[in-house]
file my_file-v6.tsv (TSV, C-alpha atoms)
chain	number	residue	atom	x	y	z
A	241	MET	CA	31.92	-13.98	-144.10
A	242	MET	CA	28.24	-13.89	-143.20
A	243	VAL	CA	27.77	-17.66	-143.35
A	244	PRO	CA	30.50	-18.59	-140.79
A	245	ALA	CA	29.18	-15.91	-138.44
A	246	ALA	CA	25.61	-17.13	-138.89
A	247	LEU	CA	26.70	-20.70	-138.12
A	248	LEU	CA	28.50	-19.53	-134.97
A	249	LEU	CA	25.39	-17.66	-133.86
A	250	LEU	CA	23.19	-20.67	-134.60
A	251	GLY	CA	25.51	-22.93	-132.63
A	252	ALA	CA	25.49	-20.55	-129.66
A	253	LEU	CA	21.68	-20.30	-129.68
A	254	THR	CA	21.36	-24.09	-129.86
A	255	ALA	CA	23.84	-24.56	-127.01
A	256	VAL	CA	21.95	-22.14	-124.76
A	257	LEU	CA	18.28	-22.62	-125.66
A	258	ALA	CA	18.03	-26.36	-126.34
A	259	PRO	CA	18.89	-27.47	-122.76
A	260	ARG	CA	16.30	-25.04	-121.36
A	261	LEU	CA	13.59	-26.30	-123.69
A	262	LEU	CA	14.34	-29.94	-122.94
A	263	ALA	CA	14.47	-29.27	-119.19
A	264	ARG	CA	10.89	-27.94	-119.33
A	265	ALA	CA	9.57	-30.93	-121.27
A	266	GLN	CA	7.70	-33.62	-119.34
A	267	TRP	CA	7.90	-36.44	-121.87
A	268	PRO	CA	11.63	-37.46	-121.60
A	269	GLU	CA	10.97	-39.43	-118.42
A	270	ARG	CA	8.20	-41.33	-120.21
A	271	GLU	CA	10.28	-41.96	-123.34
A	272	PRO	CA	13.98	-42.07	-122.37
A	273	VAL	CA	15.06	-43.71	-125.63
A	274	VAL	CA	13.49	-40.92	-127.69
A	275	ALA	CA	15.02	-38.36	-125.32
A	276	LEU	CA	18.46	-39.92	-125.83
A	277	TRP	CA	18.00	-39.55	-129.59
A	278	VAL	CA	16.88	-35.92	-129.24
A	279	TRP	CA	19.89	-35.03	-127.09
A	280	GLN	CA	22.26	-36.65	-129.55
A	281	CYS	CA	20.71	-34.68	-132.41
A	282	VAL	CA	20.98	-31.40	-130.48
A	283	VAL	CA	24.64	-31.99	-129.62
A	284	ALA	CA	25.36	-33.10	-133.20
A	285	ALA	CA	23.76	-29.91	-134.51
A	286	THR	CA	25.88	-27.78	-132.17
A	287	LEU	CA	29.09	-29.52	-133.18
A	288	LEU	CA	28.10	-29.35	-136.85
A	289	CYS	CA	27.62	-25.58	-136.58
A	290	LEU	CA	31.09	-25.19	-135.14
A	291	ALA	CA	32.71	-27.56	-137.66
A	292	LEU	CA	31.12	-25.87	-140.68
A	293	SER	CA	31.98	-22.43	-139.34
A	294	MET	CA	35.59	-23.55	-138.87
A	295	LEU	CA	35.74	-24.91	-142.41
A	296	LEU	CA	34.30	-21.80	-144.05
A	297	SER	CA	36.40	-19.49	-141.87
A	298	ALA	CA	39.52	-21.37	-142.93
A	299	ALA	CA	38.42	-21.05	-146.54
A	300	ALA	CA	38.03	-17.29	-146.06
A	301	ALA	CA	41.43	-16.94	-144.41
A	302	TRP	CA	43.57	-19.08	-146.71
A	303	GLN	CA	43.37	-19.37	-150.47
A	304	ALA	CA	44.75	-22.93	-150.40
A	305	VAL	CA	41.87	-24.13	-148.24
A	306	ARG	CA	39.35	-22.26	-150.37
A	307	GLY	CA	40.74	-23.82	-153.52
A	308	ARG	CA	40.45	-27.34	-152.14
A	309	LEU	CA	37.01	-26.78	-150.61
A	310	PHE	CA	35.46	-25.43	-153.80
A	311	ALA	CA	37.60	-27.38	-156.29
A	312	ALA	CA	34.68	-29.46	-157.54
A	313	ALA	CA	32.06	-26.70	-157.24
A	314	PRO	CA	30.59	-25.10	-160.40
A	315	HIS	CA	31.62	-21.60	-161.39
A	316	GLY	CA	30.18	-18.87	-159.18
A	317	VAL	CA	29.53	-21.01	-156.09
A	318	ALA	CA	32.66	-19.86	-154.24
A	319	ASP	CA	31.87	-16.20	-154.99
A	320	ALA	CA	28.38	-16.63	-153.50
A	321	TYR	CA	29.89	-17.15	-150.05
A	322	GLY	CA	31.76	-13.84	-150.10
A	323	LEU	CA	34.92	-15.37	-148.68
A	324	GLY	CA	37.15	-12.43	-149.53
A	325	ALA	CA	40.39	-11.23	-148.04
A	326	GLU	CA	38.76	-8.40	-146.05
A	327	GLY	CA	37.91	-10.71	-143.15
A	328	GLY	CA	41.16	-12.64	-143.24
A	329	THR	CA	42.40	-11.85	-139.73
A	330	TRP	CA	39.05	-12.52	-138.05
A	331	ALA	CA	38.51	-15.63	-140.14
A	332	ALA	CA	41.96	-17.03	-139.37
A	333	GLY	CA	41.49	-16.47	-135.64
A	334	THR	CA	38.05	-18.08	-135.69
A	335	ALA	CA	39.27	-21.08	-137.68
A	336	LEU	CA	42.27	-21.63	-135.41
A	337	ALA	CA	40.20	-21.29	-132.24
A	338	LEU	CA	37.58	-23.77	-133.47
A	339	ALA	CA	40.28	-26.17	-134.68
A	340	CYS	CA	41.92	-26.07	-131.26
A	341	GLY	CA	38.54	-26.76	-129.70
A	342	GLY	CA	38.07	-29.77	-131.95
A	343	LEU	CA	41.51	-31.14	-131.09
A	344	TRP	CA	40.86	-30.60	-127.39
A	345	THR	CA	37.54	-32.46	-127.67
A	346	GLY	CA	39.28	-35.37	-129.39
A	347	ALA	CA	41.94	-35.43	-126.70
A	348	MET	CA	39.30	-35.47	-123.95
A	349	LEU	CA	37.45	-38.31	-125.66
A	350	ALA	CA	40.66	-40.33	-126.09
A	351	ARG	CA	41.55	-39.78	-122.44
A	352	GLU	CA	38.09	-40.84	-121.31
A	353	VAL	CA	38.15	-44.03	-123.42
A	354	LEU	CA	41.66	-44.94	-122.24
A	355	ARG	CA	40.72	-44.38	-118.60
A	356	ALA	CA	37.57	-46.49	-119.00
A	357	ARG	CA	39.59	-49.32	-120.55
A	358	ALA	CA	42.16	-49.10	-117.76
A	359	ARG	CA	39.40	-49.28	-115.14
A	360	ARG	CA	37.85	-52.25	-116.93
A	361	ARG	CA	41.19	-54.09	-117.13
A	362	ALA	CA	41.91	-53.40	-113.45
A	363	ARG	CA	38.48	-54.63	-112.45
A	364	GLY	CA	38.87	-57.71	-114.63
A	365	ALA	CA	42.24	-58.49	-113.05
A	366	GLU	CA	40.74	-58.06	-109.58
A	367	LEU	CA	37.89	-60.36	-110.58
A	368	LEU	CA	40.33	-63.08	-111.67
A	369	VAL	CA	42.09	-62.80	-108.30
A	370	ARG	CA	38.89	-62.94	-106.25
A	371	ALA	CA	37.15	-65.54	-108.43
A	372	PRO	CA	39.81	-67.54	-110.31
A	373	LEU	CA	38.80	-70.02	-112.97
A	374	LEU	CA	38.83	-73.65	-111.88
A	375	PRO	CA	40.80	-76.22	-113.90
A	376	GLY	CA	38.83	-77.13	-116.99
A	377	GLU	CA	36.30	-74.32	-116.50
A	378	ASP	CA	35.17	-72.53	-119.65
A	379	PRO	CA	35.35	-68.75	-119.06
A	380	ALA	CA	32.67	-68.13	-121.68
A	381	ALA	CA	30.18	-70.52	-120.12
A	382	ALA	CA	29.33	-68.61	-116.96
A	383	ARG	CA	27.30	-65.40	-117.26
A	384	LEU	CA	27.16	-64.95	-113.48
A	385	VAL	CA	30.01	-64.60	-110.99
A	386	VAL	CA	29.36	-64.46	-107.25
A	387	LEU	CA	31.87	-62.69	-105.01
A	388	GLU	CA	32.03	-62.71	-101.24
A	389	GLY	CA	31.15	-59.20	-100.09
A	390	PRO	CA	29.31	-57.45	-97.26
A	391	ARG	CA	27.73	-54.79	-99.49
A	392	PRO	CA	24.95	-55.58	-101.99
A	393	GLU	CA	26.53	-54.79	-105.36
A	394	ALA	CA	25.98	-55.90	-108.93
A	395	TRP	CA	27.75	-54.77	-112.09
A	396	TRP	CA	28.36	-55.88	-115.64
A	397	GLN	CA	31.94	-56.85	-116.42
A	398	PRO	CA	32.57	-56.50	-120.18
A	399	GLY	CA	35.31	-58.28	-122.05
A	400	ALA	CA	35.85	-61.37	-124.19
A	401	ALA	CA	33.52	-63.26	-121.84
A	402	PRO	CA	31.12	-60.62	-120.43
A	403	ARG	CA	29.33	-61.54	-117.24
A	404	LEU	CA	27.25	-60.19	-114.40
A	405	VAL	CA	29.11	-59.92	-111.10
A	406	VAL	CA	27.13	-59.92	-107.84
A	407	THR	CA	28.15	-60.08	-104.22
A	408	THR	CA	26.80	-62.56	-101.72
A	409	ALA	CA	25.08	-59.68	-99.93
A	410	ALA	CA	23.23	-58.85	-103.16
A	411	LEU	CA	22.13	-62.46	-103.56
A	412	GLY	CA	20.69	-62.28	-100.06
A	413	ARG	CA	18.65	-59.22	-101.04
A	414	LEU	CA	17.49	-60.19	-104.53
A	415	LYS	CA	14.52	-62.54	-104.45
A	416	GLY	CA	12.89	-64.53	-107.22
A	417	SER	CA	13.40	-63.00	-110.64
A	418	GLN	CA	15.00	-59.81	-109.29
A	419	LEU	CA	18.48	-61.11	-110.16
A	420	ASP	CA	17.29	-61.81	-113.73
A	421	ALA	CA	15.92	-58.26	-113.84
A	422	VAL	CA	19.32	-56.86	-112.82
A	423	LEU	CA	20.95	-58.95	-115.55
A	424	ALA	CA	18.43	-57.68	-118.13
A	425	HIS	CA	19.08	-54.10	-116.99
A	426	GLU	CA	22.84	-54.45	-117.48
A	427	GLN	CA	22.39	-56.21	-120.82
A	428	GLY	CA	20.18	-53.31	-121.91
A	429	HIS	CA	23.13	-50.98	-121.34
A	430	VAL	CA	25.42	-53.22	-123.38
A	431	ALA	CA	23.00	-53.74	-126.28
A	432	ALA	CA	22.41	-49.99	-126.68
A	433	ARG	CA	26.14	-49.13	-126.32
A	434	HIS	CA	25.37	-46.70	-123.53
A	435	ASP	CA	29.04	-46.71	-122.57
A	436	TRP	CA	29.92	-44.72	-125.70
A	437	LEU	CA	27.20	-42.18	-124.98
A	438	LEU	CA	28.64	-41.71	-121.50
A	439	HIS	CA	32.20	-41.46	-122.83
A	440	CYS	CA	31.26	-38.77	-125.36
A	441	SER	CA	29.12	-36.77	-122.93
A	442	ARG	CA	31.81	-36.88	-120.25
A	443	ALA	CA	34.52	-35.83	-122.72
A	444	LEU	CA	32.49	-32.83	-123.92
A	445	ALA	CA	31.64	-31.80	-120.35
A	446	GLN	CA	35.25	-32.09	-119.20
A	447	GLY	CA	36.52	-30.16	-122.18
A	448	PHE	CA	33.83	-27.45	-122.25
A	449	GLY	CA	31.94	-27.65	-118.98
A	450	GLN	CA	30.90	-23.99	-119.22
A	451	VAL	CA	28.87	-24.64	-122.39
A	452	PRO	CA	25.29	-25.29	-121.20
A	453	VAL	CA	24.42	-27.93	-123.79
A	454	PHE	CA	27.49	-30.06	-122.99
A	455	ALA	CA	27.05	-29.85	-119.21
A	456	ALA	CA	23.36	-30.76	-119.51
A	457	PHE	CA	24.18	-33.50	-122.01
A	458	GLU	CA	26.40	-35.29	-119.50
A	459	ALA	CA	23.87	-35.00	-116.67
A	460	GLU	CA	20.98	-36.19	-118.80
A	461	MET	CA	22.91	-39.09	-120.31
A	462	HIS	CA	23.58	-40.56	-116.86
A	463	ARG	CA	19.90	-40.30	-115.99
A	464	LEU	CA	18.36	-41.35	-119.29
A	465	VAL	CA	20.51	-44.42	-119.91
A	466	GLU	CA	19.44	-45.77	-116.52
A	467	LEU	CA	15.77	-45.10	-117.29
A	468	ALA	CA	16.12	-46.78	-120.69
A	469	ALA	CA	17.76	-49.86	-119.14
A	470	ASP	CA	15.05	-49.96	-116.46
A	471	ASP	CA	12.44	-50.07	-119.23
A	472	VAL	CA	14.26	-52.93	-120.96
A	473	ALA	CA	14.24	-54.96	-117.74
A	474	SER	CA	10.66	-54.03	-116.79
A	475	ARG	CA	9.31	-55.17	-120.14
A	476	ARG	CA	10.61	-58.67	-119.37
A	477	TYR	CA	10.14	-58.93	-115.61
A	478	GLY	CA	7.72	-56.21	-114.62
A	479	ARG	CA	8.13	-52.78	-113.09
A	480	LEU	CA	7.60	-53.97	-109.51
A	481	THR	CA	10.38	-56.57	-109.81
A	482	VAL	CA	12.87	-54.00	-111.12
A	483	ALA	CA	11.86	-51.48	-108.44
A	484	LEU	CA	12.33	-54.05	-105.66
A	485	ALA	CA	15.73	-55.01	-107.09
A	486	LEU	CA	16.77	-51.33	-107.05
A	487	VAL	CA	15.64	-50.98	-103.45
A	488	GLY	CA	17.43	-54.16	-102.41
A	489	LEU	CA	20.72	-53.05	-103.94
A	490	ASN	CA	20.62	-49.47	-102.65
A	491	GLU	CA	18.69	-49.28	-99.39
A	492	ASP	CA	21.83	-49.53	-97.24
A	493	ARG	CA	23.51	-46.63	-99.02
A	494	GLY	CA	21.24	-43.94	-97.63
A	495	VAL	CA	19.94	-42.92	-101.04
A	496	PHE	CA	16.31	-43.01	-99.95
A	497	GLY	CA	16.87	-40.27	-97.39
A	498	PRO	CA	18.58	-36.88	-97.69
A	499	CYS	CA	21.38	-37.37	-100.21
A	500	GLY	CA	23.37	-35.57	-102.83
A	501	PRO	CA	22.24	-35.08	-106.44
A	502	GLU	CA	24.44	-37.93	-107.69
A	503	GLU	CA	22.44	-40.45	-105.61
A	504	ALA	CA	19.02	-38.82	-105.96
A	505	HIS	CA	18.32	-40.56	-109.25
A	506	VAL	CA	17.80	-43.95	-107.53
A	507	PRO	CA	14.62	-43.00	-105.60
A	508	GLN	CA	13.41	-41.13	-108.68
A	509	ARG	CA	13.82	-44.31	-110.73
A	510	VAL	CA	11.93	-46.34	-108.12
A	511	ARG	CA	9.06	-43.83	-108.04
A	512	ARG	CA	8.92	-43.83	-111.83
A	513	LEU	CA	8.75	-47.62	-111.97
A	514	LEU	CA	6.00	-47.79	-109.33
A	515	SER	CA	3.91	-44.96	-110.79
A	516	ALA	CA	4.16	-46.44	-114.32
A	517	PRO	CA	3.64	-43.23	-116.36
A	518	PRO	CA	1.92	-43.95	-119.69
A	519	ARG	CA	4.08	-44.02	-122.78
A	520	LEU	CA	3.57	-41.63	-125.66
A	521	SER	CA	1.65	-42.88	-128.65
A	522	PRO	CA	3.73	-44.42	-131.47
A	523	ALA	CA	2.75	-41.55	-133.76
A	524	ARG	CA	3.99	-38.94	-131.28
A	525	ARG	CA	7.24	-40.85	-130.70
A	526	LEU	CA	7.78	-40.95	-134.45
A	527	ARG	CA	7.10	-37.22	-134.78
A	528	LEU	CA	9.56	-36.38	-132.00
A	529	ALA	CA	12.25	-38.57	-133.53
A	530	ALA	CA	11.69	-37.09	-136.99
A	531	LEU	CA	11.78	-33.50	-135.69
A	532	ALA	CA	14.98	-34.24	-133.78
A	533	ALA	CA	16.57	-35.65	-136.93
A	534	LEU	CA	15.84	-32.35	-138.68
A	535	VAL	CA	17.80	-30.33	-136.09
A	536	PRO	CA	21.26	-31.22	-137.51
A	537	ALA	CA	19.91	-30.44	-140.98
A	538	VAL	CA	19.49	-26.76	-140.08
A	539	PRO	CA	23.25	-25.92	-140.02
A	540	LEU	CA	23.67	-27.89	-143.25
A	541	LEU	CA	20.92	-25.82	-144.82
A	542	VAL	CA	22.53	-22.58	-143.63
A	543	ALA	CA	25.88	-23.68	-145.03
A	544	PHE	CA	24.56	-24.77	-148.42
A	545	VAL	CA	21.99	-22.03	-149.12
A	546	PRO	CA	24.47	-19.58	-150.77
A	547	GLY	CA	25.84	-22.30	-153.04
A	548	LEU	CA	22.38	-23.56	-153.98
A	549	SER	CA	21.23	-20.00	-154.65
A	550	ALA	CA	24.20	-19.48	-156.97
A	551	LEU	CA	23.33	-22.63	-158.86
A	552	ALA	CA	19.72	-21.57	-159.19

call {"tool": "encode", "arguments": {"input": "my_file-v6.tsv", "output": "structure tokens"}}
result
Amino acid sequence: MMVPAALLLLGALTAVLAPRLLARAQWPEREPVVALWVWQCVVAATLLCLALSMLLSAAAAWQAVRGRLFAAAPHGVADAYGLGAEGGTWAAGTALALACGGLWTGAMLAREVLRARARRRARGAELLVRAPLLPGEDPAAARLVVLEGPRPEAWWQPGAAPRLVVTTAALGRLKGSQLDAVLAHEQGHVAARHDWLLHCSRALAQGFGQVPVFAAFEAEMHRLVELAADDVASRRYGRLTVALALVGLNEDRGVFGPCGPEEAHVPQRVRRLLSAPPRLSPARRLRLAALAALVPAVPLLVAFVPGLSALA
């Protein structure tokens, strides 16, 4: 029973220490795409620790599970894990608790995806009412829809014919290539499938908001996906153009004065675009990505060491 306990301890340490270490780092703002990858690897490692601990705990508690888990393993591998009957009660409780946690996470993710789809359908229906298709108009031909509105707003409407929706107030604010920059920003979100990152992070935070790594994961995903999309747009249209587009869309909302934490990211994005912090070197980006990819390998190594030792 040492391996399931070690995996639980490793998962707890990762959940507590990783957010603190990443919060102290200065490079994520310069390399948001790499930071997104690092966060995904950290969360994957935490979940992998819990999943492997659940599996081995179930094997320790129930002979049927142990038989199936080690059915194809050579002789002596199962004995190397010490999954005896002496820890049956503790192992059964641990396995059931972790299984319930996994089911709850799946339920939260399903609820989040269904709610997002419902919001998207409702917004699409509202869009058809406010901007109906004209006779003979091809819905896939137009990438831009203009709505009458007093507030400067722009958003990407996904679907069979995805398009950028802007209000007339936004058109009055966005000059030159700023509208193209907004379109490139939204397309950057779509191309990188940022919506799934947000769904997963929100589901984990709603299900287990007291776990530091999941709470920080949600907060950082909202910030980093915006920084990554800003970089996509700025590479095509320049940092100043993207910054001016952000100011034009948000200056009437009071976000550039005293505001809550949910709006504070907009002035931070503008300052980042105007200050143009230098990117990390390609070699350092590669090292960070490679080190992050090794993080989920640690629980796998812990789980397989007894079996590999028995084989040796």

call {"tool": "closest_residue", "arguments": {"input": "my_file-v6.tsv", "among": "A:Asn490, A:Thr345, A:Gln397, A:Thr481", "to": "Val430 (chain A)", "atoms": "all atoms listed in the file"}}
result
A:Gln397

call {"tool": "residues_around", "arguments": {"input": "my_file-v6.tsv", "residues": "Arg525 (chain A)", "least_positions_apart": "5", "cutoff": "12 Å", "atoms": "only C-alpha atoms", "output": "PyMOL selection string"}}
result
chain A and resi 267-268+270-275+277-278+519-520+530-532

call {"tool": "write_last_selection", "arguments": {"input": "my_file-v6.tsv", "atoms": "C-alpha atoms", "output": "PDB file, in the frame of the given file"}}
result
ATOM      1  CA  TRP A 267       7.900 -36.440-121.870  1.00  0.00           C
ATOM      2  CA  PRO A 268      11.630 -37.460-121.600  1.00  0.00           C
ATOM      3  CA  ARG A 270       8.200 -41.330-120.210  1.00  0.00           C
ATOM      4  CA  GLU A 271      10.280 -41.960-123.340  1.00  0.00           C
ATOM      5  CA  PRO A 272      13.980 -42.070-122.370  1.00  0.00           C
ATOM      6  CA  VAL A 273      15.060 -43.710-125.630  1.00  0.00           C
ATOM      7  CA  VAL A 274      13.490 -40.920-127.690  1.00  0.00           C
ATOM      8  CA  ALA A 275      15.020 -38.360-125.320  1.00  0.00           C
ATOM      9  CA  TRP A 277      18.000 -39.550-129.590  1.00  0.00           C
ATOM     10  CA  VAL A 278      16.880 -35.920-129.240  1.00  0.00           C
ATOM     11  CA  ARG A 519       4.080 -44.020-122.780  1.00  0.00           C
ATOM     12  CA  LEU A 520       3.570 -41.630-125.660  1.00  0.00           C
ATOM     13  CA  ALA A 530      11.690 -37.090-136.990  1.00  0.00           C
ATOM     14  CA  LEU A 531      11.780 -33.500-135.690  1.00  0.00           C
ATOM     15  CA  ALA A 532      14.980 -34.240-133.780  1.00  0.00           C
TER      16      ALA A 532
END

call {"tool": "atom_distance", "arguments": {"input": "my_file-v6.tsv", "atom1": "CA of Pro392 (chain A)", "atom2": "CA of Arg475 (chain A)"}}
result
24.0 Å

call {"tool": "atom_distance", "arguments": {"input": "my_file-v6.tsv", "atom1": "CA of Phe544 (chain A)", "atom2": "CA of Phe457 (chain A)"}}
result
27.8 Å

call {"tool": "atom_distance", "arguments": {"input": "my_file-v6.tsv", "atom1": "CA of Thr408 (chain A)", "atom2": "CA of Val487 (chain A)"}}
result
16.2 Å

call {"tool": "closest_residue", "arguments": {"input": "my_file-v6.tsv", "among": "A:Leu534, A:Leu295, A:Leu373, A:Val282", "to": "Leu262 (chain A)", "atoms": "all atoms listed in the file"}}
result
A:Val282

call {"tool": "residues_around", "arguments": {"input": "my_file-v6.tsv", "residues": "Leu444 (chain A)", "least_positions_apart": "4", "cutoff": "7 Å", "atoms": "all atoms listed in the file", "output": "ChimeraX atom specification"}}
result
/A:345,440,448,454

call {"tool": "closest_residue", "arguments": {"input": "my_file-v6.tsv", "among": "A:Leu338, A:Leu290, A:Leu323, A:Ala468", "to": "Gly307 (chain A)", "atoms": "all atoms listed in the file"}}
result
A:Leu323

call {"tool": "residues_near_point", "arguments": {"input": "my_file-v6.tsv", "point": "(39.4, -17.1, -145.9)", "cutoff": "8 Å", "atoms": "only C-alpha atoms", "output": "PyMOL selection string"}}
result
chain A and resi 296-303+305-306+323-325+327-328+331-332

call {"tool": "write_last_selection", "arguments": {"input": "my_file-v6.tsv", "atoms": "C-alpha atoms", "output": "tab-separated table (two decimals), in the frame of the given file"}}
result
chain	number	residue	atom	x	y	z
A	296	LEU	CA	34.30	-21.80	-144.05
A	297	SER	CA	36.40	-19.49	-141.87
A	298	ALA	CA	39.52	-21.37	-142.93
A	299	ALA	CA	38.42	-21.05	-146.54
A	300	ALA	CA	38.03	-17.29	-146.06
A	301	ALA	CA	41.43	-16.94	-144.41
A	302	TRP	CA	43.57	-19.08	-146.71
A	303	GLN	CA	43.37	-19.37	-150.47
A	305	VAL	CA	41.87	-24.13	-148.24
A	306	ARG	CA	39.35	-22.26	-150.37
A	323	LEU	CA	34.92	-15.37	-148.68
A	324	GLY	CA	37.15	-12.43	-149.53
A	325	ALA	CA	40.39	-11.23	-148.04
A	327	GLY	CA	37.91	-10.71	-143.15
A	328	GLY	CA	41.16	-12.64	-143.24
A	331	ALA	CA	38.51	-15.63	-140.14
A	332	ALA	CA	41.96	-17.03	-139.37

call {"tool": "residues_around", "arguments": {"input": "my_file-v6.tsv", "residues": "Asp470 (chain A)", "least_positions_apart": "4", "cutoff": "10 Å", "atoms": "only C-alpha atoms", "output": "list in words"}}
result
Pro272, Ala421, Val422, Ala424, His425, Glu426, Gly428, His429, Leu464, Val465, Glu466, Ser474, Arg475, Gly478, Arg479, Val482, Ala483, Leu486, Arg509, Val510, Arg512 and Leu513 of chain A

call {"tool": "closest_residue", "arguments": {"input": "my_file-v6.tsv", "among": "A:Thr334, A:Arg308, A:Leu526, A:Leu349", "to": "Ser293 (chain A)", "atoms": "only C-alpha atoms"}}
result
A:Thr334

call {"tool": "closest_residue", "arguments": {"input": "my_file-v6.tsv", "among": "A:Thr254, A:Gln418, A:Gln450, A:Gln427", "to": "Ala284 (chain A)", "atoms": "all atoms listed in the file"}}
result
A:Thr254

call {"tool": "residues_around", "arguments": {"input": "my_file-v6.tsv", "residues": "His462 (chain A)", "least_positions_apart": "4", "cutoff": "12 Å", "atoms": "only C-alpha atoms", "output": "list in words"}}
result
Pro272, Leu276, His429, His434, Asp435, Trp436, Leu437, Leu438, His439, Cys440, Ser441, Arg442, Ala455, Ala456, Phe457, Glu458, Glu466, Leu467, Ala468, Ala469, Pro501, Glu502, Glu503, Ala504, His505 and Val506 of chain A

call {"tool": "build_atoms", "arguments": {"input": "my_file-v6.tsv", "residues": "region 270-276 of chain A", "atoms": "all heavy atoms", "output": "PDB file, in the coordinates of the input"}}
result
ATOM      1  N   ARG A 270       9.093 -40.282-119.697  1.00  0.00           N
ATOM      2  CA  ARG A 270       8.200 -41.330-120.210  1.00  0.00           C
ATOM      3  C   ARG A 270       8.817 -42.055-121.400  1.00  0.00           C
ATOM      4  O   ARG A 270       8.504 -43.226-121.638  1.00  0.00           O
ATOM      5  CB  ARG A 270       6.857 -40.720-120.606  1.00  0.00           C
ATOM      6  CG  ARG A 270       6.120 -40.083-119.433  1.00  0.00           C
ATOM      7  CD  ARG A 270       5.037 -39.130-119.906  1.00  0.00           C
ATOM      8  NE  ARG A 270       4.014 -39.800-120.696  1.00  0.00           N
ATOM      9  CZ  ARG A 270       3.016 -39.160-121.303  1.00  0.00           C
ATOM     10  NH1 ARG A 270       2.911 -37.840-121.200  1.00  0.00           N
ATOM     11  NH2 ARG A 270       2.128 -39.835-121.988  1.00  0.00           N
ATOM     12  N   GLU A 271       9.666 -41.376-122.149  1.00  0.00           N
ATOM     13  CA  GLU A 271      10.280 -41.960-123.340  1.00  0.00           C
ATOM     14  C   GLU A 271      11.789 -41.675-123.330  1.00  0.00           C
ATOM     15  O   GLU A 271      12.292 -40.845-124.084  1.00  0.00           O
ATOM     16  CB  GLU A 271       9.645 -41.389-124.609  1.00  0.00           C
ATOM     17  CG  GLU A 271       8.200 -41.753-124.791  1.00  0.00           C
ATOM     18  CD  GLU A 271       7.994 -43.246-125.031  1.00  0.00           C
ATOM     19  OE1 GLU A 271       8.983 -43.940-125.355  1.00  0.00           O
ATOM     20  OE2 GLU A 271       6.861 -43.716-124.877  1.00  0.00           O
ATOM     21  N   PRO A 272      12.547 -42.369-122.462  1.00  0.00           N
ATOM     22  CA  PRO A 272      13.980 -42.070-122.370  1.00  0.00           C
ATOM     23  C   PRO A 272      14.757 -42.374-123.641  1.00  0.00           C
ATOM     24  O   PRO A 272      15.741 -41.694-123.947  1.00  0.00           O
ATOM     25  CB  PRO A 272      14.453 -42.939-121.195  1.00  0.00           C
ATOM     26  CG  PRO A 272      13.429 -44.017-121.073  1.00  0.00           C
ATOM     27  CD  PRO A 272      12.138 -43.402-121.491  1.00  0.00           C
ATOM     28  N   VAL A 273      14.335 -43.385-124.400  1.00  0.00           N
ATOM     29  CA  VAL A 273      15.060 -43.710-125.630  1.00  0.00           C
ATOM     30  C   VAL A 273      14.915 -42.581-126.652  1.00  0.00           C
ATOM     31  O   VAL A 273      15.886 -42.176-127.303  1.00  0.00           O
ATOM     32  CB  VAL A 273      14.558 -45.050-126.210  1.00  0.00           C
ATOM     33  CG1 VAL A 273      15.215 -45.332-127.559  1.00  0.00           C
ATOM     34  CG2 VAL A 273      14.850 -46.190-125.240  1.00  0.00           C
ATOM     35  N   VAL A 274      13.701 -42.050-126.779  1.00  0.00           N
ATOM     36  CA  VAL A 274      13.490 -40.920-127.690  1.00  0.00           C
ATOM     37  C   VAL A 274      14.268 -39.703-127.191  1.00  0.00           C
ATOM     38  O   VAL A 274      14.860 -38.959-127.986  1.00  0.00           O
ATOM     39  CB  VAL A 274      11.991 -40.603-127.805  1.00  0.00           C
ATOM     40  CG1 VAL A 274      11.764 -39.400-128.714  1.00  0.00           C
ATOM     41  CG2 VAL A 274      11.223 -41.811-128.338  1.00  0.00           C
ATOM     42  N   ALA A 275      14.284 -39.500-125.880  1.00  0.00           N
ATOM     43  CA  ALA A 275      15.020 -38.360-125.320  1.00  0.00           C
ATOM     44  C   ALA A 275      16.520 -38.490-125.582  1.00  0.00           C
ATOM     45  O   ALA A 275      17.193 -37.496-125.860  1.00  0.00           O
ATOM     46  CB  ALA A 275      14.758 -38.262-123.816  1.00  0.00           C
ATOM     47  N   LEU A 276      17.047 -39.709-125.496  1.00  0.00           N
ATOM     48  CA  LEU A 276      18.460 -39.920-125.830  1.00  0.00           C
ATOM     49  C   LEU A 276      18.745 -39.520-127.278  1.00  0.00           C
ATOM     50  O   LEU A 276      19.766 -38.887-127.573  1.00  0.00           O
ATOM     51  CB  LEU A 276      18.841 -41.380-125.602  1.00  0.00           C
ATOM     52  CG  LEU A 276      18.998 -41.843-124.147  1.00  0.00           C
ATOM     53  CD1 LEU A 276      19.119 -43.360-124.093  1.00  0.00           C
ATOM     54  CD2 LEU A 276      20.209 -41.194-123.506  1.00  0.00           C
TER      55      LEU A 276
END
